[in-house]
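Here's run-v8.tsv, which has TSV, C-alpha atoms and all ligand atoms:
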```
chain	number	residue	atom	x	y	z
A	1	MET	CA	-13.26	16.79	134.20
A	2	THR	CA	-16.45	16.36	132.17
A	3	ALA	CA	-19.52	18.56	132.65
A	4	GLY	CA	-23.29	18.31	132.73
A	5	CYS	CA	-25.68	20.40	130.66
A	6	TYR	CA	-29.04	21.60	131.98
A	7	VAL	CA	-31.82	22.99	129.77
A	8	HIS	CA	-34.79	24.68	131.48
A	9	ILE	CA	-38.34	24.48	130.15
A	10	PRO	CA	-40.37	26.65	132.55
A	11	PHE	CA	-43.91	25.81	131.47
A	12	CYS	CA	-46.49	23.72	133.31
A	13	VAL	CA	-50.15	22.98	132.67
A	14	ARG	CA	-50.96	24.06	136.23
A	15	LYS	CA	-48.88	25.27	139.15
A	16	CYS	CA	-48.75	22.66	141.93
A	17	ALA	CA	-49.60	23.84	145.44
A	18	TYR	CA	-46.15	23.07	146.87
A	19	CYS	CA	-43.94	24.16	143.97
A	20	ASP	CA	-41.45	27.00	144.18
A	21	PHE	CA	-39.53	26.08	141.03
A	22	ASN	CA	-39.11	28.65	138.28
A	23	SER	CA	-42.22	27.34	136.52
A	24	PHE	CA	-45.29	29.02	135.08
A	25	ALA	CA	-48.76	28.00	133.98
A	26	GLY	CA	-50.74	29.76	131.27
A	27	TYR	CA	-48.11	30.13	128.55
A	28	THR	CA	-49.29	28.74	125.20
A	29	GLY	CA	-48.85	29.17	121.46
A	30	GLU	CA	-46.59	32.00	120.36
A	31	SER	CA	-45.20	32.74	123.84
A	32	VAL	CA	-43.96	29.13	124.10
A	33	ALA	CA	-42.66	29.16	120.51
A	34	ARG	CA	-40.82	32.42	121.20
A	35	TYR	CA	-39.21	30.96	124.31
A	36	VAL	CA	-38.07	27.91	122.34
A	37	ARG	CA	-36.50	30.16	119.69
A	38	ALA	CA	-34.73	32.12	122.42
A	39	LEU	CA	-33.46	28.96	124.08
A	40	GLU	CA	-32.16	27.60	120.80
A	41	THR	CA	-30.42	30.94	120.19
A	42	GLU	CA	-28.72	30.82	123.59
A	43	ILE	CA	-27.61	27.21	123.11
A	44	ARG	CA	-26.24	27.83	119.61
A	45	GLN	CA	-24.26	30.86	120.80
A	46	THR	CA	-22.16	28.73	123.14
A	47	GLY	CA	-18.54	29.35	122.35
A	48	PRO	CA	-16.13	26.50	121.71
A	49	GLY	CA	-13.55	25.41	124.19
A	50	GLY	CA	-15.75	24.48	127.12
A	51	PRO	CA	-15.55	21.15	128.95
A	52	ALA	CA	-16.87	17.99	127.31
A	53	VAL	CA	-20.46	17.14	128.21
A	54	ASP	CA	-21.42	13.61	129.21
A	55	THR	CA	-24.88	14.29	130.66
A	56	ILE	CA	-27.75	16.43	129.38
A	57	PHE	CA	-30.86	17.09	131.45
A	58	PHE	CA	-34.04	18.82	130.31
A	59	GLY	CA	-35.91	19.92	133.44
A	60	GLY	CA	-38.46	22.43	134.49
A	61	GLY	CA	-41.22	23.16	134.75
A	62	THR	CA	-42.45	20.39	132.53
A	63	PRO	CA	-40.40	19.73	129.39
A	64	THR	CA	-43.20	17.56	128.01
A	65	ALA	CA	-45.59	20.53	128.25
A	66	ILE	CA	-44.06	21.87	125.02
A	67	PRO	CA	-44.43	20.06	121.68
A	68	ALA	CA	-42.10	17.05	121.51
A	69	VAL	CA	-40.71	18.28	118.19
A	70	ASP	CA	-39.57	21.47	119.92
A	71	GLU	CA	-37.88	19.54	122.70
A	72	ALA	CA	-36.21	17.39	120.04
A	73	ARG	CA	-35.07	20.50	118.20
A	74	LEU	CA	-33.51	21.90	121.37
A	75	LEU	CA	-31.69	18.64	122.01
A	76	HIS	CA	-30.31	18.76	118.47
A	77	ALA	CA	-29.07	22.29	119.15
A	78	VAL	CA	-27.22	21.02	122.23
A	79	LEU	CA	-25.75	18.07	120.35
A	80	GLU	CA	-24.59	20.31	117.50
A	81	SER	CA	-23.23	23.14	119.68
A	82	LEU	CA	-21.53	21.46	122.63
A	83	PRO	CA	-18.76	18.83	122.77
A	84	VAL	CA	-21.06	15.98	123.81
A	85	THR	CA	-19.32	12.65	124.40
A	86	ALA	CA	-20.49	9.34	122.95
A	87	GLY	CA	-22.75	7.47	125.35
A	88	ALA	CA	-23.96	10.62	127.11
A	89	GLU	CA	-26.88	10.22	129.51
A	90	ILE	CA	-29.72	12.36	128.12
A	91	THR	CA	-32.70	12.84	130.43
A	92	THR	CA	-36.02	14.56	130.07
A	93	GLU	CA	-38.31	15.22	132.97
A	94	ALA	CA	-41.96	14.55	132.22
A	95	ASN	CA	-45.30	15.00	133.91
A	96	PRO	CA	-47.50	11.89	133.62
A	97	GLY	CA	-50.31	14.21	132.49
A	98	THR	CA	-48.32	15.32	129.44
A	99	ALA	CA	-46.56	12.06	128.53
A	100	ASP	CA	-47.99	9.53	126.12
A	101	THR	CA	-46.52	6.97	123.75
A	102	SER	CA	-46.57	9.32	120.75
A	103	ASN	CA	-44.68	12.28	122.25
A	104	LEU	CA	-42.33	9.99	124.18
A	105	ALA	CA	-41.50	8.12	120.96
A	106	VAL	CA	-40.49	11.42	119.33
A	107	LEU	CA	-38.22	12.20	122.29
A	108	ARG	CA	-36.65	8.74	122.31
A	109	GLU	CA	-36.05	8.99	118.57
A	110	ALA	CA	-34.40	12.40	119.06
A	111	GLY	CA	-31.83	10.88	121.41
A	112	PHE	CA	-33.24	11.12	124.92
A	113	ASN	CA	-32.30	7.87	126.66
A	114	ARG	CA	-33.58	8.47	130.21
A	115	ILE	CA	-36.89	9.80	131.51
A	116	SER	CA	-37.78	11.09	134.94
A	117	LEU	CA	-41.51	11.11	135.66
A	118	GLY	CA	-42.96	13.32	138.40
A	119	VAL	CA	-45.39	10.85	139.95
A	120	GLN	CA	-45.27	12.13	143.58
A	121	SER	CA	-47.95	9.75	144.92
A	122	PHE	CA	-50.30	6.96	143.92
A	123	ASP	CA	-52.96	8.18	146.34
A	124	ALA	CA	-55.86	9.92	144.59
A	125	GLY	CA	-56.59	12.22	147.52
A	126	LEU	CA	-52.98	13.28	147.93
A	127	LEU	CA	-52.58	13.91	144.19
A	128	LYS	CA	-55.56	16.26	144.50
A	129	THR	CA	-54.09	17.96	147.57
A	130	LEU	CA	-50.84	18.53	145.64
A	131	ASP	CA	-52.79	19.99	142.66
A	132	ARG	CA	-51.22	17.43	140.35
A	133	ILE	CA	-52.86	17.26	136.89
A	134	HIS	CA	-52.71	13.45	136.63
A	135	SER	CA	-54.29	10.45	138.31
A	136	ALA	CA	-52.48	7.43	139.77
A	137	ASP	CA	-53.55	5.35	136.76
A	138	GLU	CA	-52.19	7.97	134.37
A	139	ALA	CA	-48.86	7.84	136.19
A	140	LYS	CA	-48.72	4.06	135.77
A	141	HIS	CA	-49.72	4.44	132.15
A	142	ALA	CA	-46.90	7.00	131.63
A	143	VAL	CA	-44.30	4.53	132.96
A	144	ARG	CA	-45.61	1.86	130.57
A	145	ALA	CA	-45.73	4.39	127.70
A	146	ALA	CA	-42.08	5.28	128.37
A	147	ARG	CA	-41.13	1.60	128.15
A	148	ASP	CA	-43.21	1.20	124.96
A	149	ALA	CA	-41.45	4.23	123.48
A	150	GLY	CA	-38.11	2.52	124.04
A	151	PHE	CA	-36.85	4.10	127.28
A	152	ASP	CA	-34.89	1.47	129.18
A	153	ASN	CA	-33.90	3.93	131.93
A	154	VAL	CA	-36.98	5.21	133.75
A	155	SER	CA	-37.07	7.13	137.01
A	156	ILE	CA	-39.99	8.31	139.12
A	157	ASP	CA	-40.18	11.02	141.78
A	158	LEU	CA	-42.22	10.47	144.94
A	159	MET	CA	-43.01	12.78	147.85
A	160	PHE	CA	-43.65	11.96	151.49
A	161	ALA	CA	-44.57	13.79	154.70
A	162	LEU	CA	-47.56	15.21	152.82
A	163	PRO	CA	-50.61	16.80	154.46
A	164	ARG	CA	-52.63	14.15	156.36
A	165	GLN	CA	-50.49	11.39	154.81
A	166	THR	CA	-50.50	8.19	156.85
A	167	MET	CA	-47.92	5.40	156.98
A	168	SER	CA	-50.37	3.06	155.30
A	169	GLN	CA	-50.86	5.52	152.41
A	170	TRP	CA	-47.09	5.83	152.07
A	171	ASN	CA	-46.63	2.07	152.09
A	172	ALA	CA	-49.34	1.70	149.43
A	173	THR	CA	-47.54	4.26	147.22
A	174	LEU	CA	-44.25	2.38	147.72
A	175	ASP	CA	-46.01	-0.93	146.85
A	176	GLN	CA	-47.26	0.49	143.57
A	177	SER	CA	-43.92	2.14	142.79
A	178	PHE	CA	-41.89	-1.03	143.22
A	179	ALA	CA	-44.47	-2.98	141.18
A	180	LEU	CA	-43.68	-0.71	138.21
A	181	GLU	CA	-40.07	-1.95	138.23
A	182	THR	CA	-38.53	1.38	137.33
A	183	ASP	CA	-34.77	1.80	137.26
A	184	HIS	CA	-34.52	4.71	139.66
A	185	ILE	CA	-36.61	6.39	142.36
A	186	SER	CA	-36.18	9.85	143.90
A	187	LEU	CA	-37.91	10.39	147.24
A	188	TYR	CA	-38.44	13.89	148.57
A	189	SER	CA	-39.84	14.98	151.89
A	190	LEU	CA	-42.26	17.87	151.45
A	191	ILE	CA	-40.69	21.22	152.28
A	192	VAL	CA	-43.13	24.09	152.64
A	193	GLU	CA	-41.53	26.87	150.62
A	194	GLU	CA	-42.41	30.54	150.90
A	195	GLY	CA	-44.56	31.89	148.12
A	196	THR	CA	-46.41	28.62	147.50
A	197	GLY	CA	-50.07	27.78	148.07
A	198	PHE	CA	-48.99	25.37	150.79
A	199	HIS	CA	-47.13	28.16	152.59
A	200	THR	CA	-50.29	30.27	152.69
A	201	LEU	CA	-52.23	27.33	154.15
A	202	TYR	CA	-49.41	26.62	156.60
A	203	GLN	CA	-49.44	30.19	157.89
A	204	LYS	CA	-53.20	29.94	158.44
A	205	GLY	CA	-52.71	26.67	160.34
A	206	ARG	CA	-54.57	24.73	157.64
A	207	LEU	CA	-51.80	22.40	156.46
A	208	PRO	CA	-51.86	19.36	158.77
A	209	LEU	CA	-48.42	17.82	158.21
A	210	PRO	CA	-47.19	14.58	159.77
A	211	ASP	CA	-44.88	15.29	162.72
A	212	ASP	CA	-41.10	14.87	162.43
A	213	ASP	CA	-41.12	11.37	163.92
A	214	VAL	CA	-43.65	10.13	161.37
A	215	ALA	CA	-41.71	11.82	158.54
A	216	ALA	CA	-38.50	10.12	159.73
A	217	GLU	CA	-40.33	6.77	159.92
A	218	MET	CA	-41.59	7.26	156.35
A	219	TYR	CA	-38.04	7.94	155.17
A	220	GLN	CA	-36.58	4.94	157.02
A	221	THR	CA	-39.37	2.72	155.68
A	222	ALA	CA	-38.59	3.84	152.15
A	223	ILE	CA	-34.86	3.19	152.63
A	224	ASP	CA	-35.54	-0.34	153.95
A	225	ARG	CA	-38.14	-1.20	151.35
A	226	ALA	CA	-36.07	0.18	148.46
A	227	ALA	CA	-33.17	-2.04	149.53
A	228	ASP	CA	-35.51	-5.06	149.68
A	229	ALA	CA	-36.73	-4.18	146.18
A	230	GLY	CA	-33.17	-4.19	144.78
A	231	PHE	CA	-32.39	-0.46	144.82
A	232	GLU	CA	-29.10	0.96	146.04
A	233	GLN	CA	-29.30	4.22	147.97
A	234	TYR	CA	-26.52	6.40	146.58
A	235	GLU	CA	-27.74	9.84	147.66
A	236	ILE	CA	-29.90	11.16	150.46
A	237	SER	CA	-33.00	11.21	148.24
A	238	ASN	CA	-32.02	8.87	145.42
A	239	PHE	CA	-32.16	5.13	144.85
A	240	ALA	CA	-31.09	3.21	141.75
A	241	ARG	CA	-30.83	-0.27	140.40
A	242	PRO	CA	-27.20	-1.27	139.79
A	243	GLY	CA	-25.78	0.78	136.92
A	244	ARG	CA	-28.73	3.20	136.89
A	245	ARG	CA	-27.55	6.05	139.11
A	246	CYS	CA	-28.33	9.47	137.67
A	247	ARG	CA	-25.00	10.56	136.22
A	248	HIS	CA	-26.22	14.12	135.67
A	249	ASN	CA	-27.11	14.72	139.30
A	250	ILE	CA	-23.87	13.06	140.40
A	251	HIS	CA	-22.12	15.90	138.54
A	252	TYR	CA	-23.93	18.37	140.82
A	253	TRP	CA	-23.10	16.45	143.98
A	254	ARG	CA	-19.45	16.24	142.99
A	255	ASN	CA	-19.57	20.01	142.36
A	256	ASP	CA	-18.44	19.46	138.77
A	257	PRO	CA	-18.91	22.17	136.13
A	258	TYR	CA	-22.16	22.41	134.22
A	259	TYR	CA	-23.68	24.43	131.43
A	260	GLY	CA	-27.13	25.92	132.01
A	261	PHE	CA	-29.56	27.23	129.41
A	262	GLY	CA	-32.96	28.85	129.74
A	263	CYS	CA	-34.68	31.27	132.11
A	264	GLY	CA	-33.40	30.98	135.66
A	265	ALA	CA	-30.89	28.33	134.62
A	266	VAL	CA	-27.57	28.29	136.44
A	267	ALA	CA	-24.22	27.57	134.78
A	268	TYR	CA	-21.09	26.78	136.79
A	269	ARG	CA	-17.79	26.90	134.95
A	270	ASP	CA	-14.25	28.03	135.78
A	271	GLY	CA	-15.23	28.88	139.36
A	272	GLN	CA	-17.96	31.22	138.23
A	273	ARG	CA	-21.69	30.71	138.78
A	274	ARG	CA	-24.01	32.54	136.44
A	275	MET	CA	-27.80	32.61	136.68
A	276	ASN	CA	-30.04	33.71	133.83
A	277	VAL	CA	-32.99	36.06	134.29
A	278	LYS	CA	-35.96	34.15	135.67
A	279	SER	CA	-38.87	35.54	133.72
A	280	PRO	CA	-39.49	33.58	130.47
A	281	ALA	CA	-40.58	36.73	128.62
A	282	ARG	CA	-37.60	38.84	129.76
A	283	TYR	CA	-35.27	35.94	129.02
A	284	ALA	CA	-36.70	35.61	125.49
A	285	ASP	CA	-36.41	39.39	124.93
A	286	ALA	CA	-32.74	39.31	125.92
A	287	ALA	CA	-31.83	36.15	124.02
A	288	LEU	CA	-33.52	37.24	120.80
A	289	SER	CA	-31.96	40.72	120.85
A	290	ASN	CA	-28.45	39.63	121.81
A	291	GLY	CA	-28.94	41.27	125.21
A	292	ASN	CA	-27.54	40.36	128.59
A	293	LEU	CA	-29.08	37.10	129.86
A	294	ALA	CA	-27.41	37.06	133.25
A	295	GLU	CA	-29.34	38.07	136.35
A	296	SER	CA	-26.36	37.36	138.58
A	297	VAL	CA	-22.72	36.36	138.20
A	298	GLU	CA	-20.76	35.14	141.19
A	299	THR	CA	-17.09	34.25	141.29
A	300	LEU	CA	-16.48	31.77	144.06
A	301	ARG	CA	-13.44	32.05	146.31
A	302	ALA	CA	-11.51	28.82	146.85
A	303	ASP	CA	-12.80	28.48	150.45
A	304	GLU	CA	-16.40	28.86	149.22
A	305	ALA	CA	-15.90	26.26	146.49
A	306	MET	CA	-14.33	23.89	149.03
A	307	ALA	CA	-17.23	24.32	151.46
A	308	GLU	CA	-19.74	23.66	148.69
A	309	THR	CA	-17.82	20.59	147.58
A	310	MET	CA	-18.06	19.24	151.13
A	311	MET	CA	-21.77	20.01	151.47
A	312	LEU	CA	-22.70	18.53	148.14
A	313	GLY	CA	-20.38	15.52	148.40
A	314	LEU	CA	-21.84	14.50	151.72
A	315	ARG	CA	-25.18	14.04	149.99
A	316	LEU	CA	-23.63	11.03	148.23
A	317	THR	CA	-24.37	8.47	150.91
A	318	GLU	CA	-22.10	5.75	149.53
A	319	GLU	CA	-19.30	7.68	147.81
A	320	GLY	CA	-19.22	10.72	150.10
A	321	VAL	CA	-16.53	13.36	149.56
A	322	ASP	CA	-13.74	11.97	147.42
A	323	SER	CA	-10.52	13.09	149.12
A	324	ALA	CA	-8.32	12.50	146.08
A	325	ARG	CA	-10.60	14.47	143.75
A	326	PHE	CA	-10.85	17.25	146.34
A	327	ALA	CA	-7.05	17.38	146.74
A	328	SER	CA	-6.40	17.46	143.01
A	329	ARG	CA	-8.84	20.35	142.65
A	330	PHE	CA	-7.97	22.46	145.69
A	331	GLY	CA	-4.46	21.34	146.59
A	332	CYS	CA	-5.32	20.16	150.09
A	333	ASP	CA	-6.81	17.08	151.70
A	334	PRO	CA	-10.31	17.70	153.09
A	335	ARG	CA	-9.39	15.60	156.12
A	336	ASP	CA	-6.71	18.16	156.97
A	337	ARG	CA	-8.63	21.24	155.96
A	338	TYR	CA	-11.70	20.29	158.04
A	339	ALA	CA	-10.00	18.17	160.71
A	340	GLY	CA	-11.87	19.83	163.60
A	341	GLU	CA	-15.36	19.51	162.09
A	342	ILE	CA	-14.71	15.96	160.96
A	343	ALA	CA	-13.46	14.87	164.39
A	344	ARG	CA	-16.52	16.42	166.05
A	345	PHE	CA	-19.03	14.69	163.78
A	346	GLN	CA	-17.16	11.39	163.86
A	347	GLY	CA	-17.34	11.61	167.64
A	348	LEU	CA	-21.10	12.08	167.39
A	349	GLY	CA	-21.39	9.08	165.05
A	350	LEU	CA	-22.61	11.22	162.13
A	351	LEU	CA	-19.58	10.96	159.79
A	352	GLU	CA	-17.38	8.02	158.89
A	353	PRO	CA	-14.40	7.31	156.64
A	354	ALA	CA	-15.02	5.13	153.59
A	355	GLY	CA	-11.54	4.27	152.39
A	356	ASP	CA	-10.02	7.68	151.67
A	357	ASN	CA	-13.46	9.26	151.32
A	358	LEU	CA	-15.66	10.76	153.98
A	359	ARG	CA	-19.40	10.15	154.20
A	360	LEU	CA	-22.44	10.41	156.45
A	361	THR	CA	-23.27	7.45	158.67
A	362	GLN	CA	-26.77	6.00	158.56
A	363	LYS	CA	-27.55	8.13	161.60
A	364	GLY	CA	-25.90	11.13	159.94
A	365	VAL	CA	-28.21	10.88	156.93
A	366	PHE	CA	-31.10	11.89	159.20
A	367	LEU	CA	-29.16	14.93	160.44
A	368	ALA	CA	-27.55	15.79	157.12
A	369	SER	CA	-28.41	19.49	157.13
A	370	GLU	CA	-26.78	20.07	160.52
A	371	VAL	CA	-23.60	18.29	159.44
A	372	MET	CA	-23.39	20.03	156.07
A	373	MET	CA	-23.92	23.51	157.48
A	374	ALA	CA	-20.88	23.09	159.73
A	375	PHE	CA	-18.65	23.17	156.64
A	376	VAL	CA	-19.96	26.50	155.36
B	401	LIG	S1	-45.38	20.09	137.47
B	401	LIG	FE1	-43.41	20.23	138.60
B	401	LIG	S2	-42.49	22.19	138.00
B	401	LIG	FE2	-44.66	22.23	137.36
B	401	LIG	S3	-45.72	23.26	139.03
B	401	LIG	FE3	-45.86	21.05	139.43
B	401	LIG	S4	-44.04	20.59	140.72
B	401	LIG	FE4	-43.71	22.62	139.80
```

Can the structure from this file be put into structure tokens for me?
Amino acid sequence: MTAGCYVHIPFCVRKCAYCDFNSFAGYTGESVARYVRALETEIRQTGPGGPAVDTIFFGGGTPTAIPAVDEARLLHAVLESLPVTAGAEITTEANPGTADTSNLAVLREAGFNRISLGVQSFDAGLLKTLDRIHSADEAKHAVRAARDAGFDNVSIDLMFALPRQTMSQWNATLDQSFALETDHISLYSLIVEEGTGFHTLYQKGRLPLPDDDVAAEMYQTAIDRAADAGFEQYEISNFARPGRRCRHNIHYWRNDPYYGFGCGAVAYRDGQRRMNVKSPARYADAALSNGNLAESVETLRADEAMAETMMLGLRLTEEGVDSARFASRFGCDPRDRYAGEIARFQGLGLLEPAGDNLRLTQKGVFLASEVMMAFV
């Protein structure tokens, strides 16, 4: 079984109002350089003998918030330290406000062959509401700059169910997205997370969100329009042109092993999940002094790993949970192990067989959380 490799760059120009990722604004100069040195140290200390890597993903935060030469240097460290296969998918996330032809060209030259741009919306008012640092035009420019820099695999992220967002605004954002002819689109419904600026507004009753019916209509509209535009839906939130599915994220949804480097990064290997300390400064202190990087280490029991494999696999709307892969890993067929739950949800029209696999129905996709939680 091959593995993914995740590298975390926690820095952003500004913290977005909705974001609860392990990301920080205000780090510059030596504090960024020190973090990069620490990250390179952690990567280069990886011992031999781990699984082969066929996807690498630099996420954040905003990887393009650090100098492109530093991101390139970190990629070289990964390529030199891990058993990376030929033809690996190598992605960098990027913020349209920190992506131009010159830094993207450096990244492409270093070996990145896929880029994921956090566009979120093409509506000027909504971009302001979200505290994004870029305009709609800058987002379009970033997609063109990625193409000019030689990226032939470009993804954008969009968000819906945003404060005061209307169907016509959502349709206008979809129009502009499809016009850009990217290879992949990720669509996320806003979730108001604790600790964010949006959560504070929500608690004060000052975050006017579309109701659930409108949010569901936005999602269904996107599914229909993405299909019309030539995208295949392969995961609850992800749509790709043929041959352009995100192989790295498919590793996660198949519950495959992955390496993780950087502050707050999670690694999952040999049934053990390890998360690094979240603070960039504490992480750098530990990495540069050969200290303990782990904030938590969890060894999963077989029943926990099976439940997670079900939950994650059901996110894959076309493939679903692969019974043969599950059986070869856990020694039992998921259709036997979870016969009761499966029968119940099949009866409700929320699950269906797909050959030997098991997946959500179209109706089940809208109730995915309820179905998944039943397997925990
Ligand atoms: S750019 Fe991305 S990671 Fe950074 S604050 Fe905004 S949403 Fe979070």

**Study point:** Env. residues ligand LIG 401 (chain B) / 10 Å / all atoms listed in the file / as a ChimeraX atom specification
**Key:** /A:9-25,59-63,65,93-98,117-120,130-134

Residues of region 188-298 of chain A within 6 Å of region 27-43 of chain A: nearest atom pair and distance (Å, one decimal) for each, counting all atoms listed in the file, sorted by chain and number, as CSV?
```
residue,atom,partner,partner_atom,distance
A:Gly262,CA,A:Leu39,CA,5.7
A:Ala284,CA,A:Ala38,CA,5.0
A:Ala287,CA,A:Ala38,CA,5.2
A:Leu288,CA,A:Ala38,CA,5.5
```

Just the residues within 12 Å of Gln346 (chain A), please, counting all atoms listed in the file, with nothing from its chain fewer than 2 positions along; format it as a compact mmCIF listing (two decimals) with C-alpha atoms, in the frame of the given file.
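After the write, part.txt holds the following:
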```txt
# COMPACT_ATOMS: atom_id res chain seq x y z
CA ARG A 335 -9.39 15.60 156.12
CA TYR A 338 -11.70 20.29 158.04
CA ALA A 339 -10.00 18.17 160.71
CA GLY A 340 -11.87 19.83 163.60
CA GLU A 341 -15.36 19.51 162.09
CA ILE A 342 -14.71 15.96 160.96
CA ALA A 343 -13.46 14.87 164.39
CA ARG A 344 -16.52 16.42 166.05
CA LEU A 348 -21.10 12.08 167.39
CA GLY A 349 -21.39 9.08 165.05
CA LEU A 350 -22.61 11.22 162.13
CA LEU A 351 -19.58 10.96 159.79
CA GLU A 352 -17.38 8.02 158.89
CA PRO A 353 -14.40 7.31 156.64
CA LEU A 358 -15.66 10.76 153.98
CA ARG A 359 -19.40 10.15 154.20
CA LEU A 360 -22.44 10.41 156.45
CA THR A 361 -23.27 7.45 158.67
CA LYS A 363 -27.55 8.13 161.60
CA GLY A 364 -25.90 11.13 159.94
CA VAL A 371 -23.60 18.29 159.44
```

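Closest approach to Asp137 (chain A) from the set A:Asp285, A:Thr221, A:Phe198, A:Ser177 is made by A:Ser177, with distances taken over all atoms listed in the file.
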
**Study point:** Atom-to-atom span, CA of Ala88 (chain A) and CA of Thr55 (chain A), Å
**Key:**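 So the answer is 5.2 Å.
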
Exercise for review: Would you mind listing what lies within 8 Å of region 238-246 of chain A as a PyMOL selection string, with only C-alpha atoms counted and same-chain residues fewer than 2 positions away left out?
Suggested key: chain A and resi 153+183-187+226+230-236+248-250

Exercise for review: May I have the residues within 7 Å of region 50-52 of chain A as number ranges by chain, using all atoms listed in the file and disregarding those fewer than 2 positions away in the same chain?
Suggested key: A: 2-3, 48, 54, 83-85

Review point. Which distance in Å separates CA of Asp256 (chain A) and CA of Met311 (chain A), to one decimal?
Key: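 If I compute the distance from CA of Asp256 (chain A) to CA of Met311 (chain A), I get 13.1 Å.
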
Review point. Any idea what's packed within 7 Å of Tyr258 (chain A), counting only C-alpha atoms, ignoring anything in its chain fewer than 6 positions away? Could you give it as a ChimeraX atom specification?
Key: /A:3-5,267-269

Review point. Which one of A:Asn357, A:Thr129, A:Thr200, A:Asn276 sits closest to Gly291 (chain A) if you count all atoms listed in the file?
Key: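 Comparing A:Asn357, A:Thr129, A:Thr200, A:Asn276 against Gly291 (chain A), the winner is A:Asn276.
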
Exercise for review: Quote the spacing between CA of Val214 (chain A) and CA of Asn171 (chain A) in Å to one decimal place.
Suggested key: 12.6 Å

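Checking A:Thr92, A:Gln272, A:Gln176, A:Thr101 one by one against Arg114 (chain A), counting only C-alpha atoms, you find the shortest gap at A:Thr92.
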
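Proximity of A:Arg337, A:His8, A:Lys140, A:His251 to Val277 (chain A), computed with only C-alpha atoms, is greatest for A:His8.
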
**Study point:** Residue nearest Ala229 (chain A) - candidates A:Leu180, A:Phe261, A:Val192, A:Phe112, atoms counted: all atoms listed in the file
**Key:**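 Between A:Leu180, A:Phe261, A:Val192, A:Phe112, the residue approaching Ala229 (chain A) most closely is A:Leu180.
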
Review point. Smallest atom-to-atom distance to Pro257 (chain A): which of A:Thr309, A:Pro163, A:Ala294, A:Asp123, using all atoms listed in the file?
Key: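 Of A:Thr309, A:Pro163, A:Ala294, A:Asp123, the one nearest Pro257 (chain A), counting all atoms listed in the file, is A:Thr309.
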
Exercise for review: With all atoms listed in the file counted, which protein, DNA or RNA residues have an atom no more than 6 Å from (-37.6, 30.7, 134.1) in the file frame? Please answer as a ChimeraX atom specification.
Suggested key: /A:10,22,263-264,278-280
